[in-house]
Amino acid sequence: MDNIKDILTKYDKSGPRYTSYPPATHFTDSYTSENYKKSLIESNSTDPKNISIYIHIPFCKDRCFFCGCNAFAKKTDDFETRYVDAILTEIENVGALVDCDRIVTQIHWGGGTPNSIDFDLIEKIFLKINDIFSIAEDCEIAMECNPADLNEDKIKRLAEFGINRVSLGIQDLREDVLEVVNRRPPTYPVDELVQKLKAAGIKEVNIDLIYGLPLQTVESFNKTIDEIIKISPDRLVTFSYAHVPWVMKAQTHLEKIGLPTPEEKMTMLISSHSKLTSTSYEAIGMDHYAKAGDPLEVALKNKQLHRNFQGYCTTQTTGQVYAFGCSGISQLTHAYIQNVKTPQQYIDKIEETGFATARGYELSKDERICRTVINEVMCNLYLDFDAVAEEFGVSAEYVKGLTEFSEEKLHSFINDGLLSIDGNIITISKEGAFIVRNIAMCFDPKLKHDRSQYSRTV
Ligand SMILES: C[S@@+](CC[C@H](N)C(=O)[O-])C[C@H]1O[C@@H](n2cnc3c(N)ncnc32)[C@H](O)[C@@H]1O
Ligand code: SF4
């Protein structure tokens with residue numbers, strides 16, 4: 001089967017995105033701050049040794065109606081200062097338990113909109129991180145930025161902080177699309193903005209787009225893609241608009257305006273994919289793109305692509321993730337730990353106890369094996385049962401048993417040319433990448449029948 005539309009239609013069903021395994025829906029509140037402290041100490045003696053830091057800044061000037069992130073409309077400057085002070089405390093407390101000779105290879109600022117707060121507060125956090133941790137020379141320091149909150153002065157300061165990758169939430173180039181989703185336009189035309197960031201010394205610029213928003217048509221989204229190709233960001237993501245109004249109430253506004261049909265959405269995905277991959281971009285997964293030679297593209301070729309909650313990364317640079325701020329998820333080798341959700345809860349918990357754990361999950365060795373299998377499928381489109389078995393000191397048969405592998409379950413994918421099996425090696429084709437979540441589900445022993453809580457594949 002080589003018609004992508006037929007493939008997507010046949011396999012379109014909801015399921016986990018596998019940004020983690022087990023998915024965050026399995027985290028429980030019986031995992032507490034005390035467990036986190038133990039996990040922090042344990043993380044010093046587990047691989048990978050290097051450290052990734054995630055900082056969550058949940059504030060935005062206004063909330064976009066489509067947003068699925070943990071974001072809150074700005075309150076007061078004082079409140080933001082208290083929030084940042086709580087982050088400084090959390091960094092100190094985690095730093096006291098983590099071996100700070102371990103090298104930090106990634107710092108990622110997400111949100112919300114980190115660039116919407118006072119830049120002196122951002123500087124305070126950077127100073128604290130530098131004070132406590134050992135930062136690698138070539139550390140990737142990335143920030144998700146709203147282009148409506150950038151000006152020349154802010155861009156200069158981002159570069160001075162050492163930020164070397166900025167992800168711009170562009171979403172769409174049409175101002176009327178931005179307007180109906182309650183989003184302010186960028187301060188400069190996007191091509192100018194990218195040039196300004198590069199001229200300031202920020203080497204890498206990514207762009208986020210969303211397809212499936214009101215007013216978007218297949219034609220208009222194609223036009224946006226053509227313009228973006230000319231702007232030539234280093235990386236690009238075309239997110240499928242995840243419509244979950246039962247969780248995100250503001251999304252009901254978009255239903256009232258009218259959303260593109262699933263059929264139109266599918267065409268937007270396929271046509272943007274074909275436009276981008278016929279230029280200088282390589283697909284990373286279904287909807288991420290990087291230029292040839294980009295570390296992600298090289299990692300995919302070498303089957304060393306990895307994924308965490310912050311997005312795709314390479315196995316060489318990503319470390320265990322230590323997250324700071326509300327809703328931040330730490331991803332240690334043996335555990336996931338998520339902080340409380342709202343900034344107010346976060347400030348209260350940190351001020352009272354020094355930690356803000358809301359829930360977590362400790363992984364058994366068997367679960368870590370399943371996680372590796374699912375990561376290999378999701379990221380590298382390739383699974384070598386023998387290699388996974390060797391990594392964990394077990395047999396390939398044991399790994400197959402754990403992941404409930406059976407060739408029969410994969411027959412339909414094989415018949416449709418989406419996957420091939422050669423001995424203990426499974427290879428997913430480029431077309432199979434479009435429904436890789438569905439393939440990964442076949443290796444997930446925890447997946448039960450009710451998938452209604454998850455958004456659909458496209
Ligand atoms: C934290 S925001 C990026 C930084 C900044 N807040 C902004 O909006 O420009 C992360 C990205 O998630 C994507 N996003 C947010 N809500 C989404 C949804 N419901 N479906 C798909 N993508 C979504 C958007 O592309 C957005 O740029
Ligand atoms: S998309 Fe970005 S700016 Fe809009 S509400 Fe979400 S986090 Fe804030």
# chains A, B, ... in the order shown; residues from 1 in each chain; ligands from 1
$ residues_near_ligand --ligand "ligand 2" --cutoff "10 Å" --atoms "only C-alpha atoms and all ligand atoms" --output "PDB file with N, CA and C atoms, in the first residue's frame"
ATOM      1  N   ILE A  57       8.269  27.518  32.208  1.00  0.00           N
ATOM      2  CA  ILE A  57       7.728  28.858  32.515  1.00  0.00           C
ATOM      3  C   ILE A  57       6.295  28.874  31.983  1.00  0.00           C
ATOM      4  N   PRO A  58       5.293  28.819  32.867  1.00  0.00           N
ATOM      5  CA  PRO A  58       3.913  28.563  32.410  1.00  0.00           C
ATOM      6  C   PRO A  58       3.148  29.798  31.943  1.00  0.00           C
ATOM      7  N   PHE A  59       3.791  30.976  31.974  1.00  0.00           N
ATOM      8  CA  PHE A  59       3.024  32.205  31.725  1.00  0.00           C
ATOM      9  C   PHE A  59       2.985  32.594  30.247  1.00  0.00           C
ATOM     10  N   CYS A  60       1.854  33.180  29.844  1.00  0.00           N
ATOM     11  CA  CYS A  60       1.702  33.740  28.497  1.00  0.00           C
ATOM     12  C   CYS A  60       0.959  35.055  28.649  1.00  0.00           C
ATOM     13  N   LYS A  61       1.195  35.990  27.717  1.00  0.00           N
ATOM     14  CA  LYS A  61       0.460  37.272  27.795  1.00  0.00           C
ATOM     15  C   LYS A  61      -1.038  36.993  27.689  1.00  0.00           C
ATOM     16  N   ASP A  62      -1.419  36.178  26.703  1.00  0.00           N
ATOM     17  CA  ASP A  62      -2.813  35.740  26.563  1.00  0.00           C
ATOM     18  C   ASP A  62      -2.768  34.255  26.234  1.00  0.00           C
ATOM     19  N   ARG A  63      -3.913  33.607  26.385  1.00  0.00           N
ATOM     20  CA  ARG A  63      -3.954  32.171  26.051  1.00  0.00           C
ATOM     21  C   ARG A  63      -4.558  31.968  24.676  1.00  0.00           C
ATOM     22  N   CYS A  64      -3.881  31.192  23.847  1.00  0.00           N
ATOM     23  CA  CYS A  64      -4.436  30.873  22.530  1.00  0.00           C
ATOM     24  C   CYS A  64      -5.510  29.804  22.728  1.00  0.00           C
ATOM     25  N   PHE A  65      -6.587  29.911  21.955  1.00  0.00           N
ATOM     26  CA  PHE A  65      -7.713  28.979  22.161  1.00  0.00           C
ATOM     27  C   PHE A  65      -7.340  27.516  21.871  1.00  0.00           C
ATOM     28  N   PHE A  66      -6.375  27.304  20.971  1.00  0.00           N
ATOM     29  CA  PHE A  66      -6.058  25.921  20.584  1.00  0.00           C
ATOM     30  C   PHE A  66      -5.141  25.226  21.588  1.00  0.00           C
ATOM     31  N   CYS A  67      -4.570  26.009  22.523  1.00  0.00           N
ATOM     32  CA  CYS A  67      -3.391  25.516  23.253  1.00  0.00           C
ATOM     33  C   CYS A  67      -3.667  24.286  24.120  1.00  0.00           C
ATOM     34  N   GLY A  68      -2.766  23.313  23.999  1.00  0.00           N
ATOM     35  CA  GLY A  68      -2.857  22.104  24.804  1.00  0.00           C
ATOM     36  C   GLY A  68      -1.743  22.057  25.845  1.00  0.00           C
ATOM     37  N   CYS A  69      -0.979  23.151  25.969  1.00  0.00           N
ATOM     38  CA  CYS A  69       0.172  23.155  26.902  1.00  0.00           C
ATOM     39  C   CYS A  69      -0.292  23.577  28.301  1.00  0.00           C
ATOM     40  N   ASN A  70       0.581  23.367  29.285  1.00  0.00           N
ATOM     41  CA  ASN A  70       0.254  23.812  30.635  1.00  0.00           C
ATOM     42  C   ASN A  70       0.634  25.291  30.753  1.00  0.00           C
ATOM     43  N   ALA A  71      -0.284  26.162  30.336  1.00  0.00           N
ATOM     44  CA  ALA A  71       0.010  27.600  30.248  1.00  0.00           C
ATOM     45  C   ALA A  71      -1.085  28.401  30.940  1.00  0.00           C
ATOM     46  N   PHE A  72      -0.698  29.537  31.505  1.00  0.00           N
ATOM     47  CA  PHE A  72      -1.637  30.390  32.245  1.00  0.00           C
ATOM     48  C   PHE A  72      -1.444  31.840  31.823  1.00  0.00           C
ATOM     49  N   ALA A  73      -2.547  32.569  31.717  1.00  0.00           N
ATOM     50  CA  ALA A  73      -2.438  33.991  31.377  1.00  0.00           C
ATOM     51  C   ALA A  73      -1.687  34.699  32.497  1.00  0.00           C
ATOM     52  N   LYS A  74      -0.850  35.655  32.107  1.00  0.00           N
ATOM     53  CA  LYS A  74       0.007  36.355  33.069  1.00  0.00           C
ATOM     54  C   LYS A  74      -0.805  36.931  34.221  1.00  0.00           C
ATOM     55  N   GLY A 110      10.814  25.625  28.283  1.00  0.00           N
ATOM     56  CA  GLY A 110       9.536  25.465  27.600  1.00  0.00           C
ATOM     57  C   GLY A 110       8.415  26.124  28.389  1.00  0.00           C
ATOM     58  N   GLY A 111       7.223  26.024  27.836  1.00  0.00           N
ATOM     59  CA  GLY A 111       6.138  26.702  28.530  1.00  0.00           C
ATOM     60  C   GLY A 111       4.780  26.291  28.035  1.00  0.00           C
ATOM     61  N   GLY A 112       3.884  27.241  28.203  1.00  0.00           N
ATOM     62  CA  GLY A 112       3.958  28.660  28.360  1.00  0.00           C
ATOM     63  C   GLY A 112       4.950  29.350  27.409  1.00  0.00           C
ATOM     64  N   THR A 113       5.253  30.557  27.801  1.00  0.00           N
ATOM     65  CA  THR A 113       6.131  31.391  26.973  1.00  0.00           C
ATOM     66  C   THR A 113       7.268  31.945  27.823  1.00  0.00           C
ATOM     67  N   PRO A 114       8.427  31.258  27.816  1.00  0.00           N
ATOM     68  CA  PRO A 114       9.539  31.734  28.637  1.00  0.00           C
ATOM     69  C   PRO A 114       9.931  33.182  28.313  1.00  0.00           C
ATOM     70  N   ASN A 115       9.825  33.570  27.025  1.00  0.00           N
ATOM     71  CA  ASN A 115      10.267  34.926  26.665  1.00  0.00           C
ATOM     72  C   ASN A 115       9.215  35.990  26.964  1.00  0.00           C
ATOM     73  N   SER A 116       8.143  35.603  27.691  1.00  0.00           N
ATOM     74  CA  SER A 116       7.147  36.630  28.044  1.00  0.00           C
ATOM     75  C   SER A 116       7.441  37.219  29.421  1.00  0.00           C
ATOM     76  N   GLU A 144      11.782  27.821  23.834  1.00  0.00           N
ATOM     77  CA  GLU A 144      10.572  27.963  23.014  1.00  0.00           C
ATOM     78  C   GLU A 144      10.113  29.409  23.162  1.00  0.00           C
ATOM     79  N   CYS A 145       9.982  30.108  22.049  1.00  0.00           N
ATOM     80  CA  CYS A 145       9.639  31.536  22.116  1.00  0.00           C
ATOM     81  C   CYS A 145       8.393  31.856  21.314  1.00  0.00           C
ATOM     82  N   ASN A 146       7.563  32.735  21.871  1.00  0.00           N
ATOM     83  CA  ASN A 146       6.444  33.273  21.104  1.00  0.00           C
ATOM     84  C   ASN A 146       6.970  34.475  20.323  1.00  0.00           C
ATOM     85  N   PRO A 147       6.835  34.457  18.980  1.00  0.00           N
ATOM     86  CA  PRO A 147       7.400  35.537  18.163  1.00  0.00           C
ATOM     87  C   PRO A 147       6.711  36.876  18.367  1.00  0.00           C
ATOM     88  N   ALA A 148       5.574  36.879  19.093  1.00  0.00           N
ATOM     89  CA  ALA A 148       4.911  38.163  19.372  1.00  0.00           C
ATOM     90  C   ALA A 148       5.555  38.850  20.575  1.00  0.00           C
ATOM     91  N   ASP A 149       6.441  38.124  21.268  1.00  0.00           N
ATOM     92  CA  ASP A 149       7.075  38.689  22.463  1.00  0.00           C
ATOM     93  C   ASP A 149       8.579  38.826  22.277  1.00  0.00           C
ATOM     94  N   LEU A 168      10.490  28.926  17.339  1.00  0.00           N
ATOM     95  CA  LEU A 168       9.472  29.972  17.209  1.00  0.00           C
ATOM     96  C   LEU A 168       8.108  29.327  16.977  1.00  0.00           C
ATOM     97  N   GLY A 169       7.136  29.678  17.803  1.00  0.00           N
ATOM     98  CA  GLY A 169       5.770  29.183  17.587  1.00  0.00           C
ATOM     99  C   GLY A 169       5.092  30.060  16.543  1.00  0.00           C
ATOM    100  N   ILE A 170       5.225  29.678  15.291  1.00  0.00           N
ATOM    101  CA  ILE A 170       4.642  30.494  14.212  1.00  0.00           C
ATOM    102  C   ILE A 170       3.189  30.066  13.967  1.00  0.00           C
ATOM    103  N   GLN A 171       2.938  28.789  13.975  1.00  0.00           N
ATOM    104  CA  GLN A 171       1.603  28.148  13.810  1.00  0.00           C
ATOM    105  C   GLN A 171       1.060  28.309  12.399  1.00  0.00           C
ATOM    106  N   VAL A 181      -7.779  32.422  16.630  1.00  0.00           N
ATOM    107  CA  VAL A 181      -7.373  31.540  17.743  1.00  0.00           C
ATOM    108  C   VAL A 181      -6.822  32.359  18.915  1.00  0.00           C
ATOM    109  N   ASN A 182      -7.061  33.691  18.858  1.00  0.00           N
ATOM    110  CA  ASN A 182      -6.661  34.588  19.950  1.00  0.00           C
ATOM    111  C   ASN A 182      -5.143  34.696  20.106  1.00  0.00           C
ATOM    112  N   ARG A 183      -4.469  34.830  18.956  1.00  0.00           N
ATOM    113  CA  ARG A 183      -3.008  34.889  18.996  1.00  0.00           C
ATOM    114  C   ARG A 183      -2.506  36.157  18.314  1.00  0.00           C
ATOM    115  N   ARG A 184      -1.583  36.846  18.993  1.00  0.00           N
ATOM    116  CA  ARG A 184      -1.025  38.069  18.405  1.00  0.00           C
ATOM    117  C   ARG A 184      -0.026  37.712  17.303  1.00  0.00           C
TER     118      ARG A 184
END
$ select_by_dssp --residues "segment 230-332 of chain A" --states "alpha helix (DSSP H)" --output "PyMOL selection string"
chain A and resi 230-231+252-257+262-277+295-301
$ closest_residue --among "A:Lys275, A:Leu254, A:Asp176, A:Ala292" --to "Ile225 of chain A" --atoms "only C-alpha atoms"
A:Lys275
$ atom_distance --atom1 "atom CA of Glu192 of chain A" --atom2 "atom CA of Ile231 of chain A"
8.9 Å
$ closest_residue --among "A:Cys379, A:Ile163, A:Leu305, A:Leu178" --to "ligand 1" --atoms "only C-alpha atoms and all ligand atoms"
A:Leu178
$ closest_residue --among "A:Ile155, A:Leu150, A:Ile369, A:Val218" --to "Val394 of chain A" --atoms "only C-alpha atoms"
A:Ile369
$ atom_distance --atom1 "atom CA of Asn35 of chain A" --atom2 "atom CA of Thr315 of chain A"
26.4 Å
$ residues_around --residues "Tyr322 of chain A" --least-positions-apart "5" --cutoff "8 Å" --atoms "only C-alpha atoms" --output "list in words"
Ile51, Ser52, Ile53, Tyr54, Ile329, Ser330, Gln331 and Leu332 of chain A
$ write_last_selection --atoms "N, CA and C atoms" --output "PDB file, in the first residue's frame"
ATOM      1  N   ILE A  51      23.493  15.206  32.045  1.00  0.00           N
ATOM      2  CA  ILE A  51      22.284  15.811  32.607  1.00  0.00           C
ATOM      3  C   ILE A  51      21.604  16.688  31.559  1.00  0.00           C
ATOM      4  N   SER A  52      20.271  16.555  31.445  1.00  0.00           N
ATOM      5  CA  SER A  52      19.479  17.507  30.674  1.00  0.00           C
ATOM      6  C   SER A  52      18.614  18.267  31.676  1.00  0.00           C
ATOM      7  N   ILE A  53      18.515  19.567  31.468  1.00  0.00           N
ATOM      8  CA  ILE A  53      17.706  20.373  32.389  1.00  0.00           C
ATOM      9  C   ILE A  53      16.504  20.919  31.629  1.00  0.00           C
ATOM     10  N   TYR A  54      15.325  20.819  32.250  1.00  0.00           N
ATOM     11  CA  TYR A  54      14.133  21.425  31.650  1.00  0.00           C
ATOM     12  C   TYR A  54      13.567  22.464  32.621  1.00  0.00           C
ATOM     13  N   ILE A 329       8.286  17.406  33.958  1.00  0.00           N
ATOM     14  CA  ILE A 329       8.462  15.961  34.140  1.00  0.00           C
ATOM     15  C   ILE A 329       9.942  15.617  34.092  1.00  0.00           C
ATOM     16  N   SER A 330      10.461  15.095  35.195  1.00  0.00           N
ATOM     17  CA  SER A 330      11.844  14.606  35.202  1.00  0.00           C
ATOM     18  C   SER A 330      11.826  13.191  34.641  1.00  0.00           C
ATOM     19  N   GLN A 331      12.817  12.892  33.821  1.00  0.00           N
ATOM     20  CA  GLN A 331      12.871  11.564  33.190  1.00  0.00           C
ATOM     21  C   GLN A 331      14.200  10.928  33.543  1.00  0.00           C
ATOM     22  N   LEU A 332      14.196  10.204  34.638  1.00  0.00           N
ATOM     23  CA  LEU A 332      15.419   9.545  35.083  1.00  0.00           C
ATOM     24  C   LEU A 332      15.407   8.122  34.540  1.00  0.00           C
TER      25      LEU A 332
END
$ atom_distance --atom1 "atom CA of Pro262 of chain A" --atom2 "atom CA of Thr9 of chain A"
9.6 Å
$ residues_around --residues "Pro48 of chain A" --least-positions-apart "2" --cutoff "7 Å" --atoms "only C-alpha atoms" --output "compact mmCIF listing (two decimals) with C-alpha atoms, in the first residue's frame"
# COMPACT_ATOMS: atom_id res chain seq x y z
CA THR A 46 22.89 5.05 36.40
CA ASN A 50 24.98 13.43 31.47
CA GLY A 319 20.90 12.85 29.47
CA GLN A 320 18.60 12.01 32.31
